[in-house]
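One structure below.
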Amino acid sequence: MDLVNHYGSSDEEDNRETVNVARSSALAINAAPDTGFDTHSQGIYTAPTATELTVNVPYNDMMRPLYGPQNPNQDPRIATQNILTGHVEQQAISESDFRTQMRTFETYGYARDPSVGSQNLAGQTGTGLLGTGYVGNLAAAAELGGVSVYDRAPKHLRRNQDARKKRQDKGDLSVVDGENAYKGPWAGYTDDKTLPVKAAAADEAADQKAIKAGGGYDPRRKNIIEPGNEKTIFHGESEFDYLGRTYMAVPQDVDVNLLSESGTQECFIPKRLSHTWEGHARGVSAIRFLPKSAHLLLSAGMDNKIKIWDVYHDRSLLRTMIGHSKAVRDIAFSNDGRRFLSASYDRYVKLWDTETGQCIRSFSTSKIPYCVTFNPDEDKQHIFLAGCSDKKIVQFDSNTGEITQEYDQHLGAVNTITFVDENRRFITTSDDKTMRAWEFDIPVVIKYIAEPDMHSMPAVTLHPSNKWMACQSLDNQIVVYGARDRFRMNRKKRFAGHLVAGYACKPGFSPDGRFISSGDSNGNVWTWDWKTCRILKKFKAHDKVVMNTEWHPHETSKMATCSWDGLIKYWD
């Protein structure tokens with residue numbers, strides 16, 4: 001009977017399920033169960049990547065850990081990571097404190113922890129290792145008491161406490177050579193690892209013996225070209241034409257009068273590349289057009305060679321002069337172009353014949369010549385000046401090879417020499433950031449120009465009117481000085497915008513004086529208007545720094561540029 005009582009129809013089963021569902025829906029469901037963490041319902045939430053806050057957030061709220069599950073697809077980096085290996089913050093520390101701790105670490109092997117926002121066991125700034133406040137060798141820090149290199153350590157802990165005992169005897173003052181010779185303050189220490197004098201003398205004697213055995217060949221001077229061993233190479237088909245003329249003859253078959261006066265034509269800014277001369281294995285430091293006709297181009301290279309190029313016709317390489325053992329720094333033509341000077345880092349100034357390529361004479365003061373120039377007077381073409389690295393301007397007589405005058409007032413290497421005022425005076429600039437004016441052949445400064453805001457001016461060019469000098473200043477501007485009596489700066493004329501800091505980029509003038517140009521360290525050529533000082537054009541000319549921008553004196557818009565990329569380019 002019990003089984004019969006529990007038996008029912010299918011309709012009753014459907015009703016029973018409905019009742020069960022109704023009972024289950026009455027249960028309380030918590031969609032956000034307690035996770036065991038403080039919810040901080042009254043706190044202010046900040047994003048871990050926030051860089052600025054608009055409200056004052058308590059420290060506990062800012063440093064609260066992140067809640068919730070971790071994203072398995074996220075890159076496992078910290079939220080504020082700014083470098084590959086973690087996070088770097090800038091800390092403010094004075095230069096003196098940093099140097100002190102750095103030298104302490106180099107000397108003792110430990111340093112104070114400069115970190116802010118944490119405290120060590122002593123309550124001071126910087127946690128350090130194990131809360132000691134120091135990083136590095138903690139044992140040494142504990143032994144020395146944490147002293148720095150500028151603190152006086154206890155005597156028994158000083159590293160050099162036995163150094164005085166190791167000092168060698170100063171010797172007898174009356175003995176010059178020998179075992180007990182006087183050494184004075186130059187006496188060494190017993191544990192110094194120095195080469196004995198006898199061994200050094202033996203090595204030198206062996207070198208001299210090897211030189212004699214080799215017939216005078218010194219391996220230490222294998223790259224030195226001694227005076228008299230210069231050579232020249234002609235690259236053309238024939239040195240003479242059918243009339244017996246060399247390349248020095250002014251061509252008459254061009255559409256420009258190369259014998260006319262320079263600056264009579266109206267000039268324009270070059271727009272396109274006309275030709276590229278390739279031949280120097282390294283950078284080109286200077287280029288010069290042949291005076292008057294300008295149908296030849298002279299170049300000085302860092303491959304120790306000097307080359308002459310043809311400007312018209314096939315524009316080929318005509319001659320190479322090999323006579324320097326180091327890079328050629330500067331070149332200068334005489335008035336007629338028959339001779340030219342070259343100054344090199346091998347400490348020689350050499351006088352060359354332009355037509356034959358032969359070296360006429362070599363000059364040297366055992367110092368590096370940075371600049372050379374002939375005296376422009378026609379009756380003084382045998383005299384030239386050289387600015388050297390020993391702060392002197394040396395005057396040579398090319399006929400005798402003797403030094404006839406020395407101008408010694410600068411406090412740094414002389415960079416430029418510019419003749420002004422009808423060649424009666426000349427202006428020099430130097431690494432000492434000054435400009436000085438001299439009377440020719442009188443070694444007394446007649447004008448001293450130095451201002452607190454002046455920079456070194458390693459390149460100077462004279463305006464075609466001979467009234468102004470454009471000086472390339474290393475603060476990325478070209479400043480202008482008067483070339484007459486007072487040599488004052490013209491503060492209304494300033495040409496800026498290019499980057500030349502560290503390079504001696506020589507400015508150039510158009511023949512009519514309307515434009516001034518200069519290269520920069522990025523390989524660009526800049527052109528300004530001389531009257532308004534406005535930038536007229538900037539174009540990419542080379543891959544490296546442009547050292548020279550030389551305008552052709554008879555063309556309307558021809559310019560030659562040279563660069564440290566080894567190329568010389570001709571623009572039209």
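Simple scheme: letters A, B, ... for chains in structure tokens order, numbers from 1 for residues in each chain, numbers from 1 for ligands in the order shown.
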
In region 199-435 of chain A, DSSP helix (DSSP H, G or I) residues written as a PyMOL selection string: chain A and resi 199-213+219-221+378-380

Restrict the selected residues to all heavy atoms and save them as a short mmCIF file (atom, residue, chain, number, x, y, z; two decimals), in the first residue's frame.
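Generated file (part_27.cif):
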data_model
loop_
_atom_site.label_atom_id
_atom_site.label_comp_id
_atom_site.auth_asym_id
_atom_site.auth_seq_id
_atom_site.Cartn_x
_atom_site.Cartn_y
_atom_site.Cartn_z
N ALA A 199 118.65 47.82 -18.74
CA ALA A 199 117.91 47.06 -19.75
C ALA A 199 117.38 47.99 -20.83
O ALA A 199 117.40 47.66 -22.02
CB ALA A 199 116.76 46.31 -19.08
N ALA A 200 116.88 49.16 -20.42
CA ALA A 200 116.38 50.11 -21.41
C ALA A 200 117.50 50.59 -22.32
O ALA A 200 117.33 50.71 -23.54
CB ALA A 200 115.73 51.30 -20.69
N ALA A 201 118.67 50.84 -21.74
CA ALA A 201 119.80 51.27 -22.55
C ALA A 201 120.24 50.15 -23.50
O ALA A 201 120.61 50.40 -24.65
CB ALA A 201 120.97 51.68 -21.64
N ALA A 202 120.17 48.91 -23.02
CA ALA A 202 120.54 47.79 -23.88
C ALA A 202 119.58 47.65 -25.06
O ALA A 202 119.99 47.38 -26.19
CB ALA A 202 120.58 46.50 -23.05
N ASP A 203 118.27 47.84 -24.78
CA ASP A 203 117.30 47.77 -25.87
C ASP A 203 117.54 48.86 -26.90
O ASP A 203 117.43 48.64 -28.11
CB ASP A 203 115.88 47.89 -25.30
CG ASP A 203 115.51 46.66 -24.48
OD1 ASP A 203 116.20 45.63 -24.62
OD2 ASP A 203 114.54 46.76 -23.69
N GLU A 204 117.83 50.08 -26.41
CA GLU A 204 118.10 51.17 -27.35
C GLU A 204 119.34 50.89 -28.18
O GLU A 204 119.38 51.16 -29.38
CB GLU A 204 118.26 52.48 -26.57
CG GLU A 204 118.40 53.69 -27.46
CD GLU A 204 118.45 54.98 -26.66
OE1 GLU A 204 118.27 54.91 -25.43
OE2 GLU A 204 118.67 56.04 -27.26
N ALA A 205 120.36 50.33 -27.54
CA ALA A 205 121.57 49.98 -28.28
C ALA A 205 121.29 48.91 -29.33
O ALA A 205 121.82 48.94 -30.44
CB ALA A 205 122.66 49.51 -27.31
N ALA A 206 120.40 47.96 -28.96
CA ALA A 206 120.04 46.92 -29.93
C ALA A 206 119.29 47.52 -31.12
O ALA A 206 119.49 47.10 -32.27
CB ALA A 206 119.20 45.85 -29.24
N ASP A 207 118.42 48.49 -30.85
CA ASP A 207 117.70 49.15 -31.94
C ASP A 207 118.67 49.87 -32.88
O ASP A 207 118.54 49.81 -34.10
CB ASP A 207 116.67 50.14 -31.38
CG ASP A 207 115.53 49.42 -30.69
OD1 ASP A 207 115.35 48.22 -30.96
OD2 ASP A 207 114.82 50.08 -29.88
N GLN A 208 119.62 50.59 -32.29
CA GLN A 208 120.59 51.29 -33.11
C GLN A 208 121.43 50.31 -33.94
O GLN A 208 121.75 50.56 -35.11
CB GLN A 208 121.51 52.15 -32.23
CG GLN A 208 120.80 53.28 -31.52
CD GLN A 208 120.26 54.31 -32.49
OE1 GLN A 208 120.77 54.49 -33.59
NE2 GLN A 208 119.19 55.00 -32.08
N LYS A 209 121.77 49.16 -33.34
CA LYS A 209 122.53 48.14 -34.06
C LYS A 209 121.72 47.58 -35.23
O LYS A 209 122.24 47.36 -36.33
CB LYS A 209 122.93 47.04 -33.10
CG LYS A 209 123.84 46.00 -33.72
CD LYS A 209 124.27 44.97 -32.66
CE LYS A 209 125.20 43.92 -33.29
NZ LYS A 209 125.62 42.91 -32.29
N ALA A 210 120.39 47.38 -34.98
CA ALA A 210 119.53 46.87 -36.06
C ALA A 210 119.41 47.89 -37.18
O ALA A 210 119.34 47.53 -38.36
CB ALA A 210 118.16 46.52 -35.50
N ILE A 211 119.37 49.18 -36.83
CA ILE A 211 119.27 50.22 -37.86
C ILE A 211 120.53 50.24 -38.72
O ILE A 211 120.46 50.34 -39.95
CB ILE A 211 119.04 51.59 -37.19
CG1 ILE A 211 117.65 51.62 -36.53
CG2 ILE A 211 119.16 52.72 -38.21
CD1 ILE A 211 117.43 52.85 -35.69
N LYS A 212 121.70 50.09 -38.07
CA LYS A 212 122.94 50.07 -38.84
C LYS A 212 123.01 48.84 -39.72
O LYS A 212 123.46 48.89 -40.87
CB LYS A 212 124.13 50.12 -37.88
CG LYS A 212 124.26 51.45 -37.15
CD LYS A 212 125.47 51.44 -36.22
CE LYS A 212 125.60 52.78 -35.48
NZ LYS A 212 126.75 52.77 -34.56
N ALA A 213 122.56 47.72 -39.19
CA ALA A 213 122.59 46.49 -39.98
C ALA A 213 121.65 46.56 -41.17
O ALA A 213 121.91 45.96 -42.21
CB ALA A 213 122.23 45.29 -39.09
N PRO A 219 112.77 51.08 -38.48
CA PRO A 219 111.37 50.63 -38.58
C PRO A 219 110.40 51.56 -37.90
O PRO A 219 109.23 51.57 -38.21
CB PRO A 219 111.41 49.25 -37.90
CG PRO A 219 112.62 49.27 -37.02
CD PRO A 219 113.61 50.14 -37.73
N ARG A 220 110.86 52.37 -36.96
CA ARG A 220 109.97 53.30 -36.30
C ARG A 220 109.62 54.49 -37.19
O ARG A 220 108.67 55.21 -36.91
CB ARG A 220 110.62 53.81 -35.00
CG ARG A 220 110.85 52.72 -33.97
CD ARG A 220 111.72 53.22 -32.85
NE ARG A 220 113.04 53.59 -33.32
CZ ARG A 220 114.00 54.07 -32.54
NH1 ARG A 220 113.79 54.23 -31.26
NH2 ARG A 220 115.18 54.39 -33.05
N ARG A 221 110.38 54.69 -38.28
CA ARG A 221 110.14 55.83 -39.17
C ARG A 221 109.84 55.34 -40.59
O ARG A 221 110.19 56.00 -41.57
CB ARG A 221 111.37 56.75 -39.19
CG ARG A 221 111.70 57.35 -37.85
CD ARG A 221 112.99 58.15 -37.92
NE ARG A 221 112.93 59.22 -38.89
CZ ARG A 221 112.45 60.43 -38.64
NH1 ARG A 221 111.95 60.70 -37.45
NH2 ARG A 221 112.43 61.37 -39.56
N GLU A 378 103.18 91.99 -53.96
CA GLU A 378 103.90 91.42 -55.09
C GLU A 378 105.40 91.35 -54.84
O GLU A 378 106.08 90.45 -55.32
CB GLU A 378 103.63 92.24 -56.36
CG GLU A 378 102.20 92.12 -56.88
CD GLU A 378 101.86 90.72 -57.34
OE1 GLU A 378 102.80 89.96 -57.66
OE2 GLU A 378 100.67 90.38 -57.38
N ASP A 379 105.93 92.32 -54.07
CA ASP A 379 107.37 92.32 -53.81
C ASP A 379 107.74 91.47 -52.60
O ASP A 379 108.91 91.42 -52.21
CB ASP A 379 107.87 93.76 -53.61
CG ASP A 379 107.15 94.44 -52.45
OD1 ASP A 379 106.06 93.96 -52.04
OD2 ASP A 379 107.67 95.45 -51.94
N LYS A 380 106.76 90.79 -51.98
CA LYS A 380 107.03 89.96 -50.81
C LYS A 380 106.50 88.54 -51.02
O LYS A 380 106.12 87.86 -50.07
CB LYS A 380 106.41 90.56 -49.55
CG LYS A 380 106.97 91.91 -49.15
CD LYS A 380 106.35 92.37 -47.83
CE LYS A 380 106.91 93.71 -47.38
NZ LYS A 380 106.57 94.80 -48.31
#

I'd like the neighbourhood of region 476-483 of chain A as number ranges by chain, where a residue qualifies if any of its atoms comes within 6 Å (using only C-alpha atoms), though same-chain residues fewer than 3 positions away should be ignored. A: 420, 467-473, 487-490, 494-496, 499-501

Any chance you could export the current selection's N, CA and C atoms as a PDB file, in the first residue's frame?
ATOM      1  N   VAL A 420      95.048  92.097 -43.985  1.00  0.00           N
ATOM      2  CA  VAL A 420      94.041  93.146 -44.157  1.00  0.00           C
ATOM      3  C   VAL A 420      94.755  94.494 -44.330  1.00  0.00           C
ATOM      4  N   LYS A 467      86.490  94.742 -46.811  1.00  0.00           N
ATOM      5  CA  LYS A 467      86.076  95.571 -45.688  1.00  0.00           C
ATOM      6  C   LYS A 467      85.664  94.760 -44.465  1.00  0.00           C
ATOM      7  N   TRP A 468      85.334  93.495 -44.666  1.00  0.00           N
ATOM      8  CA  TRP A 468      84.808  92.683 -43.568  1.00  0.00           C
ATOM      9  C   TRP A 468      85.483  91.309 -43.551  1.00  0.00           C
ATOM     10  N   MET A 469      85.480  90.722 -42.383  1.00  0.00           N
ATOM     11  CA  MET A 469      85.959  89.354 -42.211  1.00  0.00           C
ATOM     12  C   MET A 469      84.831  88.512 -41.636  1.00  0.00           C
ATOM     13  N   ALA A 470      84.565  87.383 -42.265  1.00  0.00           N
ATOM     14  CA  ALA A 470      83.564  86.434 -41.769  1.00  0.00           C
ATOM     15  C   ALA A 470      84.297  85.345 -40.995  1.00  0.00           C
ATOM     16  N   CYS A 471      83.997  85.231 -39.714  1.00  0.00           N
ATOM     17  CA  CYS A 471      84.694  84.294 -38.829  1.00  0.00           C
ATOM     18  C   CYS A 471      83.735  83.188 -38.401  1.00  0.00           C
ATOM     19  N   GLN A 472      84.117  81.962 -38.653  1.00  0.00           N
ATOM     20  CA  GLN A 472      83.299  80.818 -38.242  1.00  0.00           C
ATOM     21  C   GLN A 472      83.535  80.558 -36.761  1.00  0.00           C
ATOM     22  N   SER A 473      82.544  80.854 -35.937  1.00  0.00           N
ATOM     23  CA  SER A 473      82.660  80.684 -34.502  1.00  0.00           C
ATOM     24  C   SER A 473      82.129  79.317 -34.103  1.00  0.00           C
ATOM     25  N   PHE A 487      88.763  97.100 -36.303  1.00  0.00           N
ATOM     26  CA  PHE A 487      88.486  95.661 -36.199  1.00  0.00           C
ATOM     27  C   PHE A 487      87.365  95.364 -35.206  1.00  0.00           C
ATOM     28  N   ARG A 488      86.292  96.129 -35.303  1.00  0.00           N
ATOM     29  CA  ARG A 488      85.156  95.935 -34.401  1.00  0.00           C
ATOM     30  C   ARG A 488      84.186  94.901 -34.956  1.00  0.00           C
ATOM     31  N   MET A 489      83.488  94.249 -34.037  1.00  0.00           N
ATOM     32  CA  MET A 489      82.469  93.301 -34.453  1.00  0.00           C
ATOM     33  C   MET A 489      81.232  94.043 -34.957  1.00  0.00           C
ATOM     34  N   ASN A 490      80.711  93.590 -36.075  1.00  0.00           N
ATOM     35  CA  ASN A 490      79.463  94.131 -36.609  1.00  0.00           C
ATOM     36  C   ASN A 490      78.313  93.290 -36.040  1.00  0.00           C
ATOM     37  N   ARG A 494      74.984  88.636 -38.348  1.00  0.00           N
ATOM     38  CA  ARG A 494      75.203  87.359 -37.659  1.00  0.00           C
ATOM     39  C   ARG A 494      74.481  86.281 -38.455  1.00  0.00           C
ATOM     40  N   PHE A 495      75.215  85.255 -38.839  1.00  0.00           N
ATOM     41  CA  PHE A 495      74.664  84.199 -39.679  1.00  0.00           C
ATOM     42  C   PHE A 495      74.646  82.901 -38.873  1.00  0.00           C
ATOM     43  N   ALA A 496      73.442  82.399 -38.603  1.00  0.00           N
ATOM     44  CA  ALA A 496      73.293  81.237 -37.726  1.00  0.00           C
ATOM     45  C   ALA A 496      72.294  80.267 -38.337  1.00  0.00           C
ATOM     46  N   LEU A 499      75.140  73.850 -37.840  1.00  0.00           N
ATOM     47  CA  LEU A 499      75.821  73.199 -36.716  1.00  0.00           C
ATOM     48  C   LEU A 499      77.262  72.906 -37.129  1.00  0.00           C
ATOM     49  N   VAL A 500      78.202  73.622 -36.520  1.00  0.00           N
ATOM     50  CA  VAL A 500      79.615  73.471 -36.890  1.00  0.00           C
ATOM     51  C   VAL A 500      80.502  73.279 -35.664  1.00  0.00           C
ATOM     52  N   ALA A 501      79.932  73.100 -34.487  1.00  0.00           N
ATOM     53  CA  ALA A 501      80.730  73.009 -33.263  1.00  0.00           C
ATOM     54  C   ALA A 501      81.746  71.878 -33.379  1.00  0.00           C
TER      55      ALA A 501
END

Report, in Å to a single decimal, how far apart CA of Thr461 (chain A) and CA of Ser510 (chain A) are. 11.6 Å

In Å and to one decimal, CA of Glu439 (chain A) is distant from CA of Asn335 (chain A) by 20.7 Å

So what do you get for CA of Asp97 (chain A) versus CA of Arg112 (chain A), distance-wise?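 Calculated distance between CA of Asp97 (chain A) and CA of Arg112 (chain A) is 9.9 Å.
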
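Closest approach to Ala541 (chain A) among A:Gln381, A:Ser364, A:Thr561, A:Gln265: A:Thr561, based on only C-alpha atoms.
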
Quick one: of A:Gly279, A:Pro270, A:Pro452, A:Pro72, who's nearest to Thr549 (chain A), counting only C-alpha atoms? A:Pro270

Using only C-alpha atoms, find the one residue out of A:Gln405, A:Asn399, A:Asn415, A:Ser274 that sits nearest to Pro369 (chain A).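 Going through A:Gln405, A:Asn399, A:Asn415, A:Ser274 one by one, the smallest distance to Pro369 (chain A) is for A:Asn415.
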
Using only C-alpha atoms, determine which residues lie at most 12 Å from Gly184 (chain A), disregarding the query and same-chain residues fewer than 4 positions distant; provide the list as a list in words.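 Selected residues are Arg167, Gln168, Asp169, Lys170, Gly171, Asp172, Leu173, Ser174, Val175, Val176, Asn180 and Gly188 of chain A.
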
Leaving out Ala504 (chain A) and any residue of its chain fewer than 3 positions from it, which residues lie within 10 Å of it when counting only C-alpha atoms, given as a PyMOL selection string? chain A and resi 285+415+456-460+472-474+500-501+507+519-521+545-548

Of the residues A:His295, A:Lys271, A:Lys350, A:Arg484, which is the one nearest to Phe384 (chain A), using only C-alpha atoms?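 Ranked by minimum distance to Phe384 (chain A), first place goes to A:Lys350.
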
Tell me, counting only C-alpha atoms, for each residue of region 344-431 of chain A within 12 Å of region 241-248 of chain A, which pair of atoms is nearest and how far apart they are in Å to one decimal, in rows ordered by chain and increasing number, as a tab-separated table.
residue	atom	partner	partner_atom	distance
A:Asp353	CA	A:Met248	CA	11.1
A:Thr354	CA	A:Met248	CA	8.1
A:Glu355	CA	A:Met248	CA	6.4
A:Thr356	CA	A:Thr246	CA	9.2
A:Gly357	CA	A:Met248	CA	11.7

Please dump the current selection as a short mmCIF file (atom, residue, chain, number, x, y, z; two decimals), in the first residue's frame; keep N, CA and C atoms.
data_model
loop_
_atom_site.label_atom_id
_atom_site.label_comp_id
_atom_site.auth_asym_id
_atom_site.auth_seq_id
_atom_site.Cartn_x
_atom_site.Cartn_y
_atom_site.Cartn_z
N ASP A 353 106.03 73.43 -56.77
CA ASP A 353 105.84 74.05 -58.08
C ASP A 353 104.55 73.50 -58.68
N THR A 354 103.62 74.38 -59.00
CA THR A 354 102.31 73.94 -59.48
C THR A 354 102.41 73.26 -60.84
N GLU A 355 103.29 73.70 -61.69
CA GLU A 355 103.37 73.19 -63.06
C GLU A 355 104.03 71.83 -63.12
N THR A 356 105.15 71.66 -62.43
CA THR A 356 105.90 70.41 -62.51
C THR A 356 105.59 69.45 -61.36
N GLY A 357 105.01 69.97 -60.25
CA GLY A 357 104.73 69.13 -59.09
C GLY A 357 105.93 68.83 -58.24
#

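You can rank A:Asp529, A:Asp421, A:Asp253, A:Asp475 by their closest distance to Tyr503 (chain A) using only C-alpha atoms, and at the top of that list sits A:Asp475.
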
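When only C-alpha atoms are used to measure the gap to Asp330 (chain A), the shortest distance among A:Ile368, A:Ser316, A:Asp61, A:Asn522 belongs to A:Ile368.
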